[in-house]
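**Q** After the structure tokens below, expect a handful of questions from me.
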Amino acid sequence: MILRFFQISLSLCTFFLVSCQTVDSNTLFEQLRATCGPAQTDEEVFISVLRPEQTRYSSECLNILDAALPIDHLSFAQARSGLKEHVLEGFAGLALTPIAMPPDNRILGTSPLEAGAIPLAFWRIFEGDPGSNLNQNAFNYVVGKFVSIRFVDNQLTNLRAEFNGGRELIIYPKFWEADSYWTNYHMPYGASATLLHEARHGDTIAHVVCPPDSRNAGQSECDPEIKGAFGMGLVYPELILQGSRHLLADFSLKMLGWLMCVTVQISLDTYEEIEGLFRGRDCELDSTADWIKKQEGWESPS
Amino acid sequence: MILGRRLLGIFLLLSAVIPSPSRADLSGSVTPVSLAAGGVGSYIQCPCFRWTIGARAAGGVLETRDIVISSDALFKFRMQEDLMWDQKPMVKMFEVGSLRLLLKGAHLGLAFPGVTFGEDVDKGYSDFLQTGIYALVNLIRTETIGLEARTGYQYQQYRINLGPLLEEHEGYEAIVFNWRRGRWNGSLSGLMGFENGDYERPHFLATESTRIRAFSIKDLQMGIALEFQAEHEPFRQRVGLEPNSVAATVWMDFSYIKQWKK
């Protein structure tokens with residue numbers, strides 16, 4: 001009897017959870033591409049980090065997402081002005097910032113494993129089927145993970161976002177703060193990376209307890225391999241570097257370098273070769289555009 | 001090579017002494033099909049939860065006065081994924097041809113664990129292929145318990161993260177304890193192996209499984225099982241991956257089992 005109850009419950013849960021996923025992310029992706037136009041260089045558009053009340057994408061562009069995504073508008077009414085738009089900007093960035101897999105499977109020119117840097121699980125997410133569009137795969141992957149996007153006004157938490165067991169994406173105030181320059185991922189790339197991070201938890205992959213000699217020792221804030229959620233904070237910037245190389249301003253290169261640096265220094269120091277890249281570096285000061293270009297082998301530092 | 005020659009020697013010895021069974025001798029069981037579903041929680045290497053489904057076909061045991069020929073299943077399939085969360089399969093593994101022969105009088109046997117192939121995205125493996133052979137000494141064999149020691153060779157090839165094709169040769173020793181009492185049965189096993197001649201960093205694998213036959217209707221059985229596995233795989237460390245893993249699996253299975261006795 002208990003087993004039958006379990007079976008029926010499981011079937012119903014499966015049915016309803018799958019049927020909750022009503023967003024047609026392929027159509028949404030096409031709408032975004034048609035409305036928001038082709039990718040522009042950082043110089044051509046406004047960079048949100050410099051004037052935080054605006055976003056990189058037009059309100060017309062973000063309205064498409066606002067109408068289609070499962071956003072809990074009542075909860076976002078409590079959020080500071082502009083926060084929801086920066087969440088939407090993160091989604092738009094996934095669809096519109098060109099990405100590409102790096103040659104030889106390297107990250108910043110390094111290959112920490114005998115088999116390269118980017119795990120098979122991420123190839124399956126971004127590359128999908130042969131010939132498919134990487135941006136579309138990334139966008140579909142993230143949109144498909146959440147049944148609800150809800151704001152929780154928890155001023156005490158340092159988290160930017162969280163994925164909970166009900167397949168909800170919880171957005172906290174620190175996702176975007178107008179008066180904080182570095183720590184809130186102002187850049188749309190950072191917002192997109194945060195969404196990918198939370199979506200990766202939707203693959204039922206958790207963090208592990210950090211080792212005793214690490215910065216977050218004893219806390220469940222580390223990943224044992226790049227394939228986890230923190231790996232997205234390292235791999236996604238690399239895909240942007242590869243796909244948007246000719247669109248990125250030096251400031252964006254620096255921000256991407258900073259994002260990779262803090263990810264590795266705080267939560268992903270498993271790989272000696274990659275950890276060595278950032279060892280002893282000040283993520284804010286030392287992740288210069290010239291350094292990124294040198295690592296990628298694009299040009300020598302001036 | 002030495003191990004290969006030893007295994008060949010045991011095989012030839014067994015072939016020479018195996019008597020021809022007569023139909024009157026035969027007893028055993030056949031499991032034409034078995035379906036299973038459950039959940040797997042793992043930690044360390046992959047802090048993940050997965051739904052799992054599996055299918056087995058053409059398994060069984062044929063026993064005479066002198067020999068036992070058995071197979072878990074000649075065809076096995078196992079898949080793990082986030083069924084609820086619309087994710088592509090994380091693990092897809094097929095196994096064909098598993099077969100085992102035991103010479104009851106001599107307490108010796110030889111087994112071919114089959115050929116396993118597929119993909120394990122969680123572990124980073126693609127183009128995975130595994131096969132091998134092992135010899136066994138049956139130390140205890142009663143109606144309720146069994147204990148055997150195994151010595152074997154295993155070959156694996158795979159890509160990690162779509163990298164180059166890697167090969168692995170492993171010689172191993174294992175001990176397996178089985179028990180059966182009423183509706184319950186289970187096994188406990190430990191393995192120590194040496195991959196690619198690396199004797200300083202052994203591969204360890206420990207597994208425990210317990211199954212209860214919840215109910216049966218004629219030849220159809222439903223069982224519930226719990227399995228634990230802990231593994232240390234040094235070759236993963238050599239390519240920069242986490243070598244340790246622990247996993248717990250709960251599953252239920254529906255099996256069609258036809259038994260007969262002489």
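Each chain in the structure tokens gets a letter, A, B, ..., in the order shown, and its residues are numbered from 1; ligands are numbered from 1 in order too.
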For stretch 112-123 of chain B, please output as an MDAnalysis selection string all residues within 7 Å (counting only C-alpha atoms; exclusion window: fewer than 2 positions along the same chain).
**A** (chainID A and resid 120:121) or (chainID B and resid 46 90:100 125:134)
**Q** Residues as selected, N, CA, C and O atoms, written as a short mmCIF file (atom, residue, chain, number, x, y, z; two decimals), in the first residue's frame, can you do that?
**A**
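Writing done, so here's again.cif:
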data_model
loop_
_atom_site.label_atom_id
_atom_site.label_comp_id
_atom_site.auth_asym_id
_atom_site.auth_seq_id
_atom_site.Cartn_x
_atom_site.Cartn_y
_atom_site.Cartn_z
N LEU A 120 32.95 17.12 -19.94
CA LEU A 120 32.00 16.54 -20.90
C LEU A 120 30.58 17.03 -20.63
O LEU A 120 29.82 17.32 -21.55
N ALA A 121 30.24 17.15 -19.32
CA ALA A 121 28.88 17.57 -18.97
C ALA A 121 28.58 18.96 -19.55
O ALA A 121 27.47 19.22 -20.00
N CYS B 46 30.84 13.23 -7.41
CA CYS B 46 29.68 13.87 -8.02
C CYS B 46 28.64 14.07 -6.92
O CYS B 46 27.95 13.12 -6.55
N MET B 90 22.41 11.23 -18.11
CA MET B 90 23.77 11.44 -17.61
C MET B 90 24.60 10.16 -17.75
O MET B 90 25.80 10.21 -17.92
N VAL B 91 23.93 9.04 -17.58
CA VAL B 91 24.62 7.75 -17.71
C VAL B 91 23.79 6.85 -18.61
O VAL B 91 22.58 6.72 -18.41
N LYS B 92 24.45 6.28 -19.60
CA LYS B 92 23.80 5.28 -20.47
C LYS B 92 24.81 4.16 -20.65
O LYS B 92 25.85 4.36 -21.28
N MET B 93 24.55 3.03 -20.05
CA MET B 93 25.50 1.92 -20.13
C MET B 93 24.79 0.64 -20.56
O MET B 93 23.70 0.33 -20.07
N PHE B 94 25.42 -0.08 -21.46
CA PHE B 94 24.92 -1.37 -21.93
C PHE B 94 25.96 -2.44 -21.54
O PHE B 94 27.16 -2.16 -21.54
N GLU B 95 25.45 -3.62 -21.23
CA GLU B 95 26.38 -4.71 -20.94
C GLU B 95 25.85 -5.97 -21.61
O GLU B 95 24.66 -6.29 -21.48
N VAL B 96 26.70 -6.65 -22.32
CA VAL B 96 26.25 -7.88 -23.00
C VAL B 96 27.21 -9.03 -22.69
O VAL B 96 28.42 -8.82 -22.55
N GLY B 97 26.64 -10.20 -22.57
CA GLY B 97 27.44 -11.43 -22.58
C GLY B 97 28.01 -11.91 -21.27
O GLY B 97 28.88 -12.77 -21.25
N SER B 98 27.52 -11.39 -20.16
CA SER B 98 28.05 -11.84 -18.86
C SER B 98 27.74 -13.32 -18.64
O SER B 98 26.59 -13.75 -18.77
N LEU B 99 28.75 -14.10 -18.31
CA LEU B 99 28.56 -15.55 -18.17
C LEU B 99 29.57 -16.10 -17.16
O LEU B 99 30.71 -15.63 -17.11
N ARG B 100 29.12 -17.11 -16.41
CA ARG B 100 29.97 -17.62 -15.33
C ARG B 100 29.80 -19.13 -15.24
O ARG B 100 28.70 -19.66 -15.35
N TYR B 125 33.09 10.36 -18.85
CA TYR B 125 33.49 9.32 -19.79
C TYR B 125 32.60 9.31 -21.04
O TYR B 125 31.38 9.32 -20.93
N SER B 126 33.24 9.23 -22.18
CA SER B 126 32.51 8.90 -23.41
C SER B 126 33.31 7.82 -24.12
O SER B 126 34.47 7.58 -23.80
N ASP B 127 32.70 7.19 -25.10
CA ASP B 127 33.32 6.06 -25.82
C ASP B 127 33.87 5.03 -24.82
O ASP B 127 34.96 4.50 -24.98
N PHE B 128 33.09 4.79 -23.78
CA PHE B 128 33.53 3.88 -22.72
C PHE B 128 33.36 2.42 -23.16
O PHE B 128 32.32 2.05 -23.69
N LEU B 129 34.39 1.62 -22.92
CA LEU B 129 34.31 0.18 -23.22
C LEU B 129 35.07 -0.57 -22.14
O LEU B 129 36.19 -0.19 -21.79
N GLN B 130 34.45 -1.60 -21.61
CA GLN B 130 35.11 -2.36 -20.54
C GLN B 130 34.83 -3.84 -20.72
O GLN B 130 33.70 -4.23 -21.02
N THR B 131 35.86 -4.64 -20.56
CA THR B 131 35.66 -6.08 -20.59
C THR B 131 36.73 -6.74 -19.73
O THR B 131 37.57 -6.04 -19.16
N GLY B 132 36.72 -8.03 -19.64
CA GLY B 132 37.73 -8.70 -18.82
C GLY B 132 37.39 -10.16 -18.61
O GLY B 132 36.52 -10.71 -19.30
N ILE B 133 38.06 -10.75 -17.66
CA ILE B 133 37.80 -12.15 -17.33
C ILE B 133 38.31 -12.39 -15.91
O ILE B 133 39.23 -11.69 -15.46
N TYR B 134 37.68 -13.28 -15.20
CA TYR B 134 38.24 -13.60 -13.88
C TYR B 134 38.05 -15.09 -13.55
O TYR B 134 37.13 -15.73 -14.05
#
**Q** Please, which residues of chain B lie no more than 8 Å from chain A when the count uses only C-alpha atoms, and can they be set out as a list in words?
**A**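 Taking only C-alpha atoms into account, Ile44, Gln45, Cys46, Pro47, Cys48, Phe49, Arg50, Asp82, Leu83, Met84, Trp85, Asp86, Gln87, Val121, Asp122, Gly124, Tyr125, Arg159, Ile160, Asn161, Leu162, Gly163, Pro164, Val239, Gly240, Leu241 and Glu242 of chain B sit within 8 Å of chain A.
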**Q** Between B:Gly152, B:Gly105, B:Gly190, B:Gly39, single out the one closest to B:Val176, counting only C-alpha atoms.
**A** B:Gly190
**Q** Can you tell me which residues surround stretch 229-235 of chain A at a distance of at most 6 Å, considering only C-alpha atoms, apart from same-chain residues fewer than 3 positions away, and format the answer as a list in words?
**A** Ala193, His197, Arg200, Ile226, Glu238 and Met260 of chain A
**Q** Which neighbours of B:Ala247 fall inside 8 Å, counting only C-alpha atoms, when residues of the same chain fewer than 4 positions from it are skipped, and could you give them as a list in words?
**A**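 Answer for this query is Val40, Gly41, Ser42, Tyr43, Phe228, Gln229 and Ala230 of chain B.
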